[in-house]
$ cat structure.cif   # mmCIF, C-alpha atoms
data_protein
#
loop_
_atom_site.label_atom_id
_atom_site.label_comp_id
_atom_site.auth_asym_id
_atom_site.auth_seq_id
_atom_site.Cartn_x
_atom_site.Cartn_y
_atom_site.Cartn_z
CA MET A 7 12.63 44.82 -1.90
CA SER A 8 15.04 46.12 -4.50
CA ASP A 9 14.00 47.66 -7.82
CA THR A 10 15.86 44.89 -9.62
CA THR A 11 13.82 42.21 -7.87
CA GLU A 12 10.57 44.00 -8.68
CA ARG A 13 11.53 44.34 -12.36
CA MET A 14 12.17 40.60 -12.49
CA GLY A 15 8.65 39.86 -11.25
CA GLY A 16 9.16 39.75 -7.47
CA PRO A 17 10.94 37.22 -5.25
CA SER A 18 11.52 33.74 -6.63
CA ARG A 19 8.79 31.27 -5.72
CA LYS A 20 9.56 28.15 -3.74
CA MET A 21 9.48 24.90 -5.63
CA THR A 22 6.09 23.24 -5.15
CA LEU A 23 5.75 19.86 -3.51
CA THR A 24 4.34 18.37 -6.74
CA THR A 25 7.45 19.48 -8.62
CA LYS A 26 9.68 17.94 -5.94
CA ILE A 27 7.74 14.68 -6.17
CA LEU A 28 8.10 14.62 -9.97
CA ILE A 29 11.84 15.20 -9.62
CA GLY A 30 12.01 12.38 -7.08
CA MET A 31 10.14 10.05 -9.44
CA VAL A 32 12.39 10.80 -12.43
CA ALA A 33 15.53 10.54 -10.28
CA GLY A 34 14.30 7.23 -8.89
CA LEU A 35 13.71 5.88 -12.39
CA ILE A 36 17.23 6.84 -13.49
CA VAL A 37 18.89 5.45 -10.35
CA GLY A 38 16.83 2.25 -10.56
CA VAL A 39 17.71 1.56 -14.20
CA LEU A 40 21.40 2.25 -13.46
CA ALA A 41 21.34 -0.10 -10.47
CA ASN A 42 19.69 -2.80 -12.59
CA THR A 43 22.33 -2.35 -15.30
CA ILE A 44 25.26 -2.43 -12.87
CA ASN A 45 23.72 -5.32 -10.88
CA SER A 46 26.11 -4.95 -7.93
CA GLY A 47 25.52 -7.36 -5.07
CA PHE A 48 26.41 -4.72 -2.47
CA VAL A 49 24.11 -2.10 -4.02
CA ASN A 50 21.23 -4.57 -4.36
CA ASP A 51 21.55 -5.93 -0.81
CA TYR A 52 22.28 -2.79 1.19
CA VAL A 53 20.89 0.09 -0.92
CA ILE A 54 18.04 -1.20 -3.11
CA ASN A 55 16.68 -3.96 -0.86
CA GLY A 56 18.01 -2.37 2.30
CA LEU A 57 17.84 1.41 2.64
CA PHE A 58 15.43 2.11 -0.26
CA HIS A 59 13.13 -0.74 0.72
CA MET A 60 13.04 0.46 4.33
CA ILE A 61 12.23 4.09 3.44
CA GLY A 62 9.72 3.17 0.73
CA THR A 63 7.89 0.70 2.95
CA ALA A 64 7.80 3.18 5.84
CA PHE A 65 6.35 5.85 3.54
CA VAL A 66 3.61 3.55 2.21
CA ASN A 67 2.85 2.43 5.77
CA ALA A 68 2.52 6.08 6.78
CA LEU A 69 -0.01 6.64 3.99
CA LYS A 70 -1.96 3.54 5.00
CA MET A 71 -1.82 4.74 8.62
CA LEU A 72 -3.94 7.72 7.58
CA VAL A 73 -6.63 5.87 5.66
CA VAL A 74 -8.99 4.46 8.31
CA PRO A 75 -9.11 7.46 10.70
CA LEU A 76 -9.36 9.89 7.77
CA VAL A 77 -12.23 7.94 6.18
CA VAL A 78 -14.05 7.55 9.52
CA PHE A 79 -13.95 11.19 10.60
CA SER A 80 -14.33 12.77 7.16
CA LEU A 81 -17.29 10.50 6.38
CA LEU A 82 -18.93 11.25 9.75
CA THR A 83 -18.58 15.01 9.19
CA GLY A 84 -19.86 14.48 5.66
CA VAL A 85 -22.98 12.66 6.84
CA PHE A 86 -23.65 15.34 9.46
CA GLY A 87 -23.05 18.00 6.81
CA ILE A 88 -25.60 16.47 4.45
CA SER A 89 -28.18 16.17 7.31
CA ASP A 90 -30.57 14.50 4.86
CA VAL A 91 -30.60 10.71 4.62
CA ARG A 92 -32.42 10.83 1.28
CA LEU A 93 -29.69 13.03 -0.18
CA LEU A 94 -27.07 10.58 1.10
CA GLY A 95 -28.89 7.75 -0.69
CA ARG A 96 -29.04 9.77 -3.88
CA VAL A 97 -25.32 10.56 -3.75
CA GLY A 98 -24.51 6.89 -3.12
CA GLY A 99 -26.71 5.76 -5.99
CA LYS A 100 -25.11 8.21 -8.43
CA ALA A 101 -21.58 7.28 -7.38
CA PHE A 102 -22.26 3.54 -7.58
CA GLY A 103 -23.89 3.81 -11.01
CA LEU A 104 -21.07 5.93 -12.43
CA TYR A 105 -18.35 3.68 -11.01
CA ILE A 106 -19.91 0.56 -12.50
CA ALA A 107 -20.51 2.33 -15.83
CA THR A 108 -16.91 3.55 -16.14
CA THR A 109 -15.59 0.06 -15.33
CA ALA A 110 -17.83 -1.57 -17.97
CA ILE A 111 -16.85 1.05 -20.57
CA ALA A 112 -13.17 0.65 -19.70
CA ILE A 113 -13.04 -3.12 -20.24
CA ALA A 114 -15.23 -2.97 -23.37
CA VAL A 115 -12.91 -0.40 -24.96
CA ALA A 116 -9.84 -2.39 -23.86
CA ILE A 117 -11.13 -5.60 -25.46
CA THR A 118 -11.95 -3.73 -28.69
CA ILE A 119 -8.46 -2.20 -28.88
CA ALA A 120 -6.80 -5.54 -28.10
CA LEU A 121 -8.83 -7.33 -30.79
CA VAL A 122 -7.75 -4.72 -33.34
CA VAL A 123 -4.06 -4.76 -32.34
CA GLY A 124 -3.89 -8.53 -31.76
CA PRO A 125 -1.18 -8.86 -29.07
CA GLY A 126 0.00 -12.44 -28.54
CA VAL A 127 -0.43 -13.65 -32.11
CA GLY A 128 2.58 -15.86 -32.94
CA PHE A 129 3.97 -15.65 -29.40
CA ASN A 130 6.72 -18.20 -28.67
CA MET A 131 6.01 -20.11 -25.43
CA GLU A 132 9.45 -21.72 -25.33
CA GLY A 133 11.28 -21.12 -22.08
CA VAL A 134 8.29 -19.68 -20.22
CA ASP A 135 7.68 -21.14 -16.75
CA THR A 136 3.90 -21.50 -16.41
CA SER A 137 3.87 -23.43 -13.15
CA GLY A 138 2.75 -22.30 -9.74
CA VAL A 139 -0.24 -20.15 -10.73
CA THR A 140 -3.46 -21.01 -8.92
CA ALA A 141 -6.96 -19.76 -9.63
CA ALA A 142 -9.05 -17.68 -7.26
CA GLU A 143 -12.69 -18.51 -6.73
CA ALA A 144 -15.16 -16.14 -8.38
CA PRO A 145 -17.23 -14.23 -5.82
CA SER A 146 -20.98 -14.69 -5.53
CA VAL A 147 -22.80 -11.43 -6.22
CA TRP A 148 -25.06 -12.13 -3.22
CA MET A 149 -22.15 -12.66 -0.84
CA VAL A 150 -20.37 -9.56 -2.13
CA PHE A 151 -23.28 -7.41 -1.00
CA ALA A 152 -23.98 -9.44 2.15
CA ASN A 153 -20.38 -9.00 3.32
CA ILE A 154 -20.73 -5.21 3.20
CA VAL A 155 -22.37 -5.52 6.63
CA PRO A 156 -19.58 -6.19 9.19
CA THR A 157 -20.00 -8.85 11.86
CA ASN A 158 -17.33 -7.08 13.92
CA PRO A 159 -16.86 -3.34 13.26
CA VAL A 160 -13.65 -3.23 15.28
CA ALA A 161 -12.16 -6.03 13.15
CA ALA A 162 -13.26 -4.20 9.98
CA LEU A 163 -11.53 -1.03 11.19
CA ALA A 164 -8.39 -2.96 12.15
CA SER A 165 -8.12 -4.79 8.82
CA GLY A 166 -9.14 -1.81 6.66
CA GLU A 167 -12.22 -3.44 5.07
CA MET A 168 -13.31 -0.26 3.33
CA LEU A 169 -16.86 -1.19 2.28
CA GLN A 170 -17.65 -2.47 5.77
CA ILE A 171 -16.15 0.66 7.34
CA ILE A 172 -18.19 2.93 5.05
CA PHE A 173 -21.40 1.04 5.86
CA TYR A 174 -20.80 1.11 9.61
CA VAL A 175 -19.78 4.78 9.73
CA ILE A 176 -22.83 5.82 7.69
CA VAL A 177 -25.09 3.94 10.13
CA ILE A 178 -23.38 5.73 13.05
CA GLY A 179 -23.80 9.07 11.28
CA ILE A 180 -27.52 8.46 10.62
CA ALA A 181 -28.00 7.46 14.25
CA GLY A 182 -26.27 10.69 15.31
CA LEU A 183 -28.64 12.72 13.13
CA MET A 184 -31.62 10.96 14.71
CA LEU A 185 -30.43 11.94 18.20
CA GLY A 186 -30.56 15.61 17.20
CA ASP A 187 -28.99 18.24 19.49
CA ALA A 188 -27.59 15.59 21.82
CA SER A 189 -25.04 14.76 19.11
CA ALA A 190 -23.64 18.32 18.94
CA PRO A 191 -20.50 17.59 21.06
CA PHE A 192 -19.83 14.44 19.02
CA VAL A 193 -20.19 16.37 15.75
CA LYS A 194 -17.76 19.02 16.98
CA ALA A 195 -15.27 16.33 18.03
CA CYS A 196 -15.51 14.65 14.61
CA GLU A 197 -14.90 17.99 12.86
CA TYR A 198 -11.83 18.57 15.00
CA MET A 199 -10.52 15.05 14.33
CA ASN A 200 -11.07 15.54 10.61
CA ASP A 201 -9.02 18.76 10.68
CA LEU A 202 -6.38 17.02 12.77
CA MET A 203 -6.08 14.14 10.27
CA MET A 204 -5.72 16.59 7.36
CA LYS A 205 -2.80 18.17 9.22
CA VAL A 206 -1.25 14.71 9.65
CA VAL A 207 -1.68 14.25 5.88
CA GLU A 208 0.39 17.42 5.35
CA ILE A 209 3.12 16.09 7.65
CA VAL A 210 3.34 12.76 5.80
CA MET A 211 3.26 14.41 2.38
CA ALA A 212 6.21 16.61 3.31
CA PHE A 213 8.35 13.45 3.07
CA ALA A 214 6.76 12.37 -0.23
CA PRO A 215 9.67 13.23 -2.58
CA ILE A 216 12.03 10.94 -0.66
CA GLY A 217 9.46 8.15 -0.36
CA VAL A 218 8.56 8.30 -4.06
CA PHE A 219 12.25 8.29 -5.05
CA CYS A 220 12.94 5.13 -3.04
CA LEU A 221 9.81 3.32 -4.27
CA ILE A 222 10.45 4.03 -7.94
CA ALA A 223 14.19 3.31 -7.72
CA ARG A 224 13.57 -0.11 -6.15
CA VAL A 225 10.93 -1.10 -8.71
CA PHE A 226 13.12 -0.30 -11.71
CA ALA A 227 16.22 -1.76 -10.05
CA GLN A 228 14.39 -5.07 -9.64
CA GLN A 229 12.41 -5.12 -12.89
CA GLY A 230 14.69 -3.41 -15.37
CA ILE A 231 13.70 -2.80 -18.98
CA ASP A 232 14.56 -6.19 -20.50
CA LEU A 233 11.41 -7.84 -19.08
CA PHE A 234 9.28 -5.80 -21.47
CA ILE A 235 10.82 -7.12 -24.70
CA PRO A 236 9.12 -10.60 -24.87
CA VAL A 237 5.68 -9.13 -24.15
CA LEU A 238 6.17 -5.77 -25.83
CA ALA A 239 2.91 -6.01 -27.82
CA TYR A 240 0.94 -6.71 -24.62
CA VAL A 241 2.62 -3.83 -22.76
CA ALA A 242 2.08 -1.39 -25.64
CA THR A 243 -1.58 -2.38 -26.08
CA LEU A 244 -2.30 -2.19 -22.36
CA THR A 245 -0.54 1.16 -21.95
CA GLY A 246 -2.37 2.58 -24.96
CA ALA A 247 -5.75 1.42 -23.64
CA LEU A 248 -5.03 2.86 -20.18
CA PHE A 249 -4.01 6.25 -21.60
CA LEU A 250 -7.02 6.31 -23.92
CA HIS A 251 -9.36 5.77 -20.97
CA LEU A 252 -7.50 8.30 -18.83
CA PHE A 253 -7.18 11.16 -21.32
CA VAL A 254 -10.22 10.58 -23.55
CA THR A 255 -13.03 8.57 -21.91
CA LEU A 256 -12.80 10.03 -18.40
CA MET A 257 -12.14 13.59 -19.59
CA LEU A 258 -15.06 13.43 -22.05
CA MET A 259 -17.32 12.25 -19.24
CA LEU A 260 -16.12 15.10 -17.03
CA LYS A 261 -16.67 17.72 -19.73
CA MET A 262 -20.05 16.39 -20.90
CA LEU A 263 -21.54 15.86 -17.42
CA THR A 264 -20.13 18.93 -15.64
CA GLY A 265 -18.86 21.41 -18.24
CA LEU A 266 -15.66 21.78 -16.19
CA ASN A 267 -12.25 22.23 -17.79
CA PRO A 268 -10.48 18.83 -18.07
CA PHE A 269 -7.04 20.48 -18.27
CA THR A 270 -7.61 22.12 -14.88
CA PHE A 271 -8.74 18.79 -13.49
CA MET A 272 -5.64 16.95 -14.73
CA GLN A 273 -3.39 19.61 -13.28
CA LYS A 274 -4.98 19.35 -9.85
CA ILE A 275 -5.21 15.55 -9.67
CA ARG A 276 -1.55 15.10 -10.65
CA PRO A 277 -0.18 14.69 -7.08
CA ALA A 278 -2.66 11.87 -6.41
CA GLN A 279 -1.70 10.21 -9.71
CA ILE A 280 1.97 10.32 -8.74
CA PHE A 281 1.23 8.75 -5.36
CA ALA A 282 -0.93 6.07 -6.99
CA PHE A 283 1.82 5.31 -9.50
CA SER A 284 4.42 5.06 -6.74
CA THR A 285 2.43 2.89 -4.32
CA ALA A 286 0.28 0.86 -6.78
CA SER A 287 -2.45 1.00 -4.13
CA SER A 288 -5.74 2.88 -4.44
CA ASN A 289 -6.35 2.55 -0.71
CA ALA A 290 -2.97 4.00 0.25
CA THR A 291 -3.67 6.97 -2.05
CA ILE A 292 -7.06 7.80 -0.45
CA PRO A 293 -5.68 10.65 1.74
CA VAL A 294 -4.02 12.33 -1.26
CA THR A 295 -7.03 11.83 -3.56
CA TYR A 296 -9.37 13.17 -0.88
CA ARG A 297 -7.20 16.23 -0.35
CA SER A 298 -6.95 16.88 -4.10
CA VAL A 299 -10.72 16.85 -4.73
CA THR A 300 -11.64 18.86 -1.61
CA GLU A 301 -8.90 21.47 -1.23
CA ARG A 302 -7.70 21.71 -4.84
CA MET A 303 -11.01 21.25 -6.70
CA GLY A 304 -13.52 22.56 -4.19
CA VAL A 305 -15.65 19.43 -3.79
CA ASP A 306 -17.65 19.53 -0.57
CA ASN A 307 -16.56 17.13 2.17
CA SER A 308 -20.09 15.68 2.33
CA ILE A 309 -19.56 14.21 -1.18
CA ALA A 310 -15.83 13.49 -1.17
CA SER A 311 -15.80 11.72 2.20
CA PHE A 312 -18.14 9.08 0.81
CA SER A 313 -17.25 8.91 -2.88
CA VAL A 314 -13.43 8.77 -2.65
CA PRO A 315 -13.06 5.75 -0.29
CA PHE A 316 -16.06 4.10 -2.00
CA GLY A 317 -14.36 4.49 -5.38
CA ALA A 318 -11.02 3.23 -4.07
CA THR A 319 -12.82 0.01 -3.17
CA ILE A 320 -15.16 -0.66 -6.10
CA ASN A 321 -13.79 1.43 -8.98
CA MET A 322 -11.25 -0.66 -10.89
CA ASP A 323 -11.13 0.93 -14.35
CA GLY A 324 -7.41 0.33 -14.83
CA THR A 325 -7.61 -3.22 -13.50
CA ALA A 326 -10.59 -3.97 -15.78
CA ILE A 327 -8.60 -2.69 -18.77
CA MET A 328 -5.73 -5.01 -17.83
CA GLN A 329 -8.10 -7.97 -17.65
CA GLY A 330 -9.55 -7.20 -21.07
CA VAL A 331 -6.17 -6.83 -22.78
CA ALA A 332 -4.67 -9.82 -20.92
CA THR A 333 -7.61 -12.05 -21.87
CA VAL A 334 -7.26 -11.22 -25.56
CA PHE A 335 -3.48 -11.62 -25.33
CA LEU A 336 -3.70 -15.07 -23.74
CA ALA A 337 -6.49 -16.17 -26.10
CA ASN A 338 -4.22 -15.29 -29.03
CA VAL A 339 -1.22 -17.03 -27.42
CA TYR A 340 -3.19 -20.27 -27.00
CA GLY A 341 -5.07 -19.91 -30.29
CA ILE A 342 -8.52 -19.94 -28.64
CA ASP A 343 -11.43 -17.99 -30.12
CA LEU A 344 -13.62 -16.79 -27.25
CA GLY A 345 -16.32 -15.28 -29.44
CA LEU A 346 -18.78 -12.55 -28.47
CA GLY A 347 -20.23 -14.58 -25.57
CA GLY A 348 -16.80 -15.10 -24.06
CA TYR A 349 -15.92 -11.42 -24.16
CA LEU A 350 -19.30 -10.43 -22.70
CA THR A 351 -18.54 -12.86 -19.86
CA VAL A 352 -15.18 -11.14 -19.35
CA ILE A 353 -16.92 -7.75 -19.06
CA ALA A 354 -19.50 -9.05 -16.59
CA MET A 355 -16.90 -10.85 -14.45
CA ALA A 356 -14.61 -7.83 -14.32
CA VAL A 357 -17.42 -5.53 -13.18
CA LEU A 358 -18.60 -8.02 -10.54
CA ALA A 359 -15.13 -8.75 -9.20
CA SER A 360 -14.29 -5.04 -8.93
CA ILE A 361 -17.08 -4.51 -6.37
CA GLY A 362 -15.64 -6.81 -3.73
CA THR A 363 -11.91 -6.50 -4.39
CA ALA A 364 -9.54 -4.46 -2.22
CA GLY A 365 -7.47 -1.66 -3.72
CA VAL A 366 -4.07 -3.14 -2.92
CA PRO A 367 -1.01 -3.94 -5.09
CA GLY A 368 -1.25 -7.07 -7.25
CA VAL A 369 -4.97 -7.62 -6.80
CA GLY A 370 -5.48 -7.41 -10.56
CA LEU A 371 -3.81 -10.77 -11.09
CA VAL A 372 -6.10 -12.39 -8.53
CA MET A 373 -9.12 -11.00 -10.35
CA LEU A 374 -7.65 -12.13 -13.69
CA THR A 375 -7.57 -15.77 -12.55
CA MET A 376 -11.33 -15.56 -11.93
CA VAL A 377 -11.93 -14.20 -15.42
CA LEU A 378 -9.73 -16.76 -17.15
CA THR A 379 -11.40 -19.61 -15.27
CA GLN A 380 -14.85 -18.44 -16.37
CA VAL A 381 -13.93 -18.30 -20.08
CA GLY A 382 -11.88 -21.52 -20.09
CA LEU A 383 -8.39 -20.08 -20.68
CA PRO A 384 -5.38 -21.72 -18.96
CA ILE A 385 -4.57 -19.73 -15.85
CA GLU A 386 -0.93 -20.79 -16.22
CA GLY A 387 -0.73 -18.18 -18.96
CA ILE A 388 -0.61 -15.48 -16.28
CA ALA A 389 3.07 -16.40 -15.89
CA LEU A 390 3.64 -14.67 -19.25
CA ILE A 391 2.76 -11.27 -17.82
CA LEU A 392 3.95 -11.67 -14.22
CA GLY A 393 7.29 -10.02 -14.92
CA VAL A 394 5.82 -6.74 -16.15
CA ASP A 395 2.72 -6.64 -13.98
CA ARG A 396 4.23 -4.54 -11.20
CA LEU A 397 4.97 -1.64 -13.54
CA MET A 398 1.63 -2.05 -15.31
CA ASP A 399 -0.06 -2.11 -11.89
CA MET A 400 1.44 1.28 -11.13
CA ILE A 401 -0.04 2.81 -14.29
CA ARG A 402 -3.48 1.26 -13.87
CA THR A 403 -3.67 2.39 -10.23
CA ALA A 404 -3.13 5.98 -11.41
CA VAL A 405 -6.02 5.44 -13.82
CA ASN A 406 -8.16 4.00 -11.01
CA ILE A 407 -7.80 6.98 -8.70
CA THR A 408 -8.35 9.42 -11.58
CA GLY A 409 -11.68 7.69 -12.17
CA ASP A 410 -12.46 8.07 -8.45
CA ALA A 411 -11.83 11.81 -8.65
CA VAL A 412 -13.80 12.23 -11.90
CA VAL A 413 -16.90 10.48 -10.51
CA THR A 414 -16.61 12.42 -7.23
CA THR A 415 -16.46 15.71 -9.14
CA ILE A 416 -19.41 14.76 -11.38
CA VAL A 417 -21.58 13.81 -8.40
CA ALA A 418 -20.60 16.98 -6.53
CA LYS A 419 -21.42 19.18 -9.54
CA SER A 420 -24.81 17.49 -10.01
CA GLU A 421 -25.65 18.18 -6.35
CA GLY A 422 -24.34 21.75 -6.33
CA LYS A 423 -21.66 20.71 -3.84
CA ILE A 424 -18.57 22.12 -5.56
CA ASP A 425 -16.99 25.56 -5.16
CA LEU A 426 -16.17 26.62 -8.73
CA SER A 427 -14.01 29.52 -7.54
CA ILE A 428 -11.69 26.96 -5.91
CA TYR A 429 -11.79 24.66 -8.95
CA ASN A 430 -10.82 27.48 -11.32
CA ASP A 431 -8.12 28.89 -9.04
CA PRO A 432 -4.76 27.30 -9.98
CA GLU A 433 -3.29 28.20 -6.57
CA ALA A 434 -6.18 26.86 -4.46
CA GLY A 435 -5.24 24.14 -2.00
CA MET A 436 -1.52 24.24 -2.70
CA LEU A 437 0.19 22.43 0.16
CA ASP A 438 1.60 24.72 2.82
CA GLU A 439 5.03 23.27 3.51
CA ASP A 440 5.50 25.37 6.66
CA LEU A 441 5.06 22.69 9.31
CA SER A 442 6.44 24.79 12.17
CA ILE A 443 4.52 25.10 15.43
CA ASP A 444 3.35 28.51 16.66
CA PRO A 445 5.24 29.10 19.96
CA ALA A 446 2.34 31.13 21.41
CA ALA A 447 -0.16 28.38 20.60
CA GLU A 448 2.25 25.79 21.96
CA GLY A 449 2.46 27.71 25.24
CA ARG A 450 -1.32 28.00 25.53
CA LEU A 451 -1.77 24.26 24.94
CA ALA A 452 0.92 23.47 27.52
CA GLY A 453 -0.96 25.65 30.00
CA ILE A 454 -4.23 23.83 29.30
CA ALA A 455 -2.52 20.45 29.75
CA THR A 456 -1.03 21.60 33.06
CA GLN A 457 -4.43 22.74 34.34
CA HIS A 458 -5.96 19.34 33.56
CA GLY A 459 -2.92 17.33 34.68
#
$ encode --input "structure.cif" --output "structure tokens"
Amino acid sequence: MSDTTERMGGPSRKMTLTTKILIGMVAGLIVGVLANTINSGFVNDYVINGLFHMIGTAFVNALKMLVVPLVVFSLLTGVFGISDVRLLGRVGGKAFGLYIATTAIAIAVAITIALVVGPGVGFNMEGVDTSGVTAAEAPSVWMVFANIVPTNPVAALASGEMLQIIFYVIVIGIAGLMLGDASAPFVKACEYMNDLMMKVVEIVMAFAPIGVFCLIARVFAQQGIDLFIPVLAYVATLTGALFLHLFVTLMLMLKMLTGLNPFTFMQKIRPAQIFAFSTASSNATIPVTYRSVTERMGVDNSIASFSVPFGATINMDGTAIMQGVATVFLANVYGIDLGLGGYLTVIAMAVLASIGTAGVPGVGLVMLTMVLTQVGLPIEGIALILGVDRLMDMIRTAVNITGDAVVTTIVAKSEGKIDLSIYNDPEAGMLDEDLSIDPAAEGRLAGIATQHG
């Protein structure tokens, strides 16, 4: 190494994957807005809805491909790592209570902000198509909990029913603990499969900058900026409420209940937030969220393997905020005073619906129809916010997964299951982008395969 290089602080560092993803997101936004402005038939058909749609969909599919096997094997190793069924129950109780509490706080704050700002007052309904919106049936609280038990575990695994998968895997893990030493080979196999799936996560994430670029470019090419103008007050209120919950409520909870540095937390959860924003799916982001809280923050697998997929299923802070703001907005549009009882009903319905609702794109609108039906607001009013919901869904999904990570960290800290040296190390868990295969190891594996062939 030359003296000049040493004087300049050593060799230049490679650009991190997070930085590349951020560049891809910004570039996608710019390209998408330009494509929307130009509005070329060729570009829309063959680039935006052709090439970009293909790459973006393939990337999201790759993320979803990881979810079920990652949850199964990480949760099994987590249960075996806890080795105490009572501790598992305590962790589950804490996580469930915190998730429900954050959702209730989120929608209560959102309704308060919306009532103060008053979006929708004096809104002009002329020219708005309010046809074709149908209501979803509100779930029964009894059936929500009854359906956690799968009638067919294979079907639950195939369809990605996360609550059913979590229940079934925990039962398998408990049964394995009860068998004692006989389960040792199975435990070792699960640990290997968990490590294997984390390596697959690294492979998929290596293509993240391209996938994020295509996803963001297509969204902005289709939506544009003009859609925001008629419902600007709604968008501004919703965005403000989401950011308030993200940067104030959740960070205060983290600081008060753990004493950990919120700025460190936000820095380390950023890759998962970017993925959530790009995919608008909490479930698709599970592998990235899980990796962030375990390898970047030092949360033990025994906590993260349960809390992260559990939160992706029942924690809907961002969606609850949308429902609160949208309800106030539509009540103002139609000139209906819901009163205290109506808003309390909105809070209760949002919390209940979040328990049994999948973390997939667009689910917030389905939940909103339940809420509007319960308080007597016309569900046709959803048509007013349909145009901007995709972009709002992206923001609220980022809020959702941040809540998942916050609760996971709080539970881990309360159980002494977090490595603070990893949490406080800014370099800990940085993705190793060297995906090359060791030739010596490759040769040894080929020899083993030949022996058993």
$ atom_distance --input "structure.cif" --atom1 "atom CA of A:Ala282" --atom2 "atom CA of A:Asp399"
9.6 Å
$ closest_residue --input "structure.cif" --among "A:Tyr174, A:Phe58, A:Phe102, A:Tyr429" --to "A:Asp306" --atoms "all atoms listed in the file"
A:Tyr429
$ resolve_selection --input "structure.cif" --expression "the PyMOL selection byres ((chain A and resi 94) around 12)" --output "JSON, numbers by chain"
{"A": [81, 82, 84, 85, 86, 87, 88, 89, 90, 91, 92, 93, 95, 96, 97, 98, 99, 100, 101, 176, 177, 179, 180, 308, 309, 310, 311, 312, 313, 417, 418, 421]}
$ write_last_selection --input "structure.cif" --atoms "C-alpha atoms" --output "JSON list (two decimals), in the coordinates of the input"
[["chain", "number", "residue", "atom", "x", "y", "z"],
["A", 81, "LEU", "CA", -17.29, 10.50, 6.38],
["A", 82, "LEU", "CA", -18.93, 11.25, 9.75],
["A", 84, "GLY", "CA", -19.86, 14.48, 5.66],
["A", 85, "VAL", "CA", -22.98, 12.66, 6.84],
["A", 86, "PHE", "CA", -23.65, 15.34, 9.46],
["A", 87, "GLY", "CA", -23.05, 18.00, 6.81],
["A", 88, "ILE", "CA", -25.60, 16.47, 4.45],
["A", 89, "SER", "CA", -28.18, 16.17, 7.31],
["A", 90, "ASP", "CA", -30.57, 14.50, 4.86],
["A", 91, "VAL", "CA", -30.60, 10.71, 4.62],
["A", 92, "ARG", "CA", -32.42, 10.83, 1.28],
["A", 93, "LEU", "CA", -29.69, 13.03, -0.18],
["A", 95, "GLY", "CA", -28.89, 7.75, -0.69],
["A", 96, "ARG", "CA", -29.04, 9.77, -3.88],
["A", 97, "VAL", "CA", -25.32, 10.56, -3.75],
["A", 98, "GLY", "CA", -24.51, 6.89, -3.12],
["A", 99, "GLY", "CA", -26.71, 5.76, -5.99],
["A", 100, "LYS", "CA", -25.11, 8.21, -8.43],
["A", 101, "ALA", "CA", -21.58, 7.28, -7.38],
["A", 176, "ILE", "CA", -22.83, 5.82, 7.69],
["A", 177, "VAL", "CA", -25.09, 3.94, 10.13],
["A", 179, "GLY", "CA", -23.80, 9.07, 11.28],
["A", 180, "ILE", "CA", -27.52, 8.46, 10.62],
["A", 308, "SER", "CA", -20.09, 15.68, 2.33],
["A", 309, "ILE", "CA", -19.56, 14.21, -1.18],
["A", 310, "ALA", "CA", -15.83, 13.49, -1.17],
["A", 311, "SER", "CA", -15.80, 11.72, 2.20],
["A", 312, "PHE", "CA", -18.14, 9.08, 0.81],
["A", 313, "SER", "CA", -17.25, 8.91, -2.88],
["A", 417, "VAL", "CA", -21.58, 13.81, -8.40],
["A", 418, "ALA", "CA", -20.60, 16.98, -6.53],
["A", 421, "GLU", "CA", -25.65, 18.18, -6.35]]
$ closest_residue --input "structure.cif" --among "A:Thr414, A:Pro159, A:Pro125, A:Val74" --to "A:Asn289" --atoms "all atoms listed in the file"
A:Val74
$ closest_residue --input "structure.cif" --among "A:Thr270, A:Cys220, A:Thr83, A:Val331" --to "A:Ser189" --atoms "only C-alpha atoms"
A:Thr83
$ residues_around --input "structure.cif" --residues "A:Gln273" --least-positions-apart "4" --cutoff "12 Å" --atoms "only C-alpha atoms" --output "VMD selection string"
chain A and resid 24 to 25 267 to 269 277 to 280 298 to 299 302 to 303 408 429 to 434 436
$ residues_near_point --input "structure.cif" --point "(-5.0, -1.4, 3.9)" --cutoff "10 Å" --atoms "all atoms listed in the file" --output "list in words"
Asn67, Leu69, Lys70, Met71, Leu72, Val73, Val74, Leu163, Ala164, Ser165, Gly166, Glu167, Met168, Ser287, Ser288, Asn289, Ala290, Ala364, Gly365 and Val366 of chain A
$ closest_residue --input "structure.cif" --among "A:Ala68, A:Val207, A:Leu221, A:Leu169" --to "A:Ala318" --atoms "only C-alpha atoms"
A:Leu169
$ closest_residue --input "structure.cif" --among "A:Thr403, A:Thr245, A:Thr63, A:Thr43" --to "A:Thr319" --atoms "all atoms listed in the file"
A:Thr403
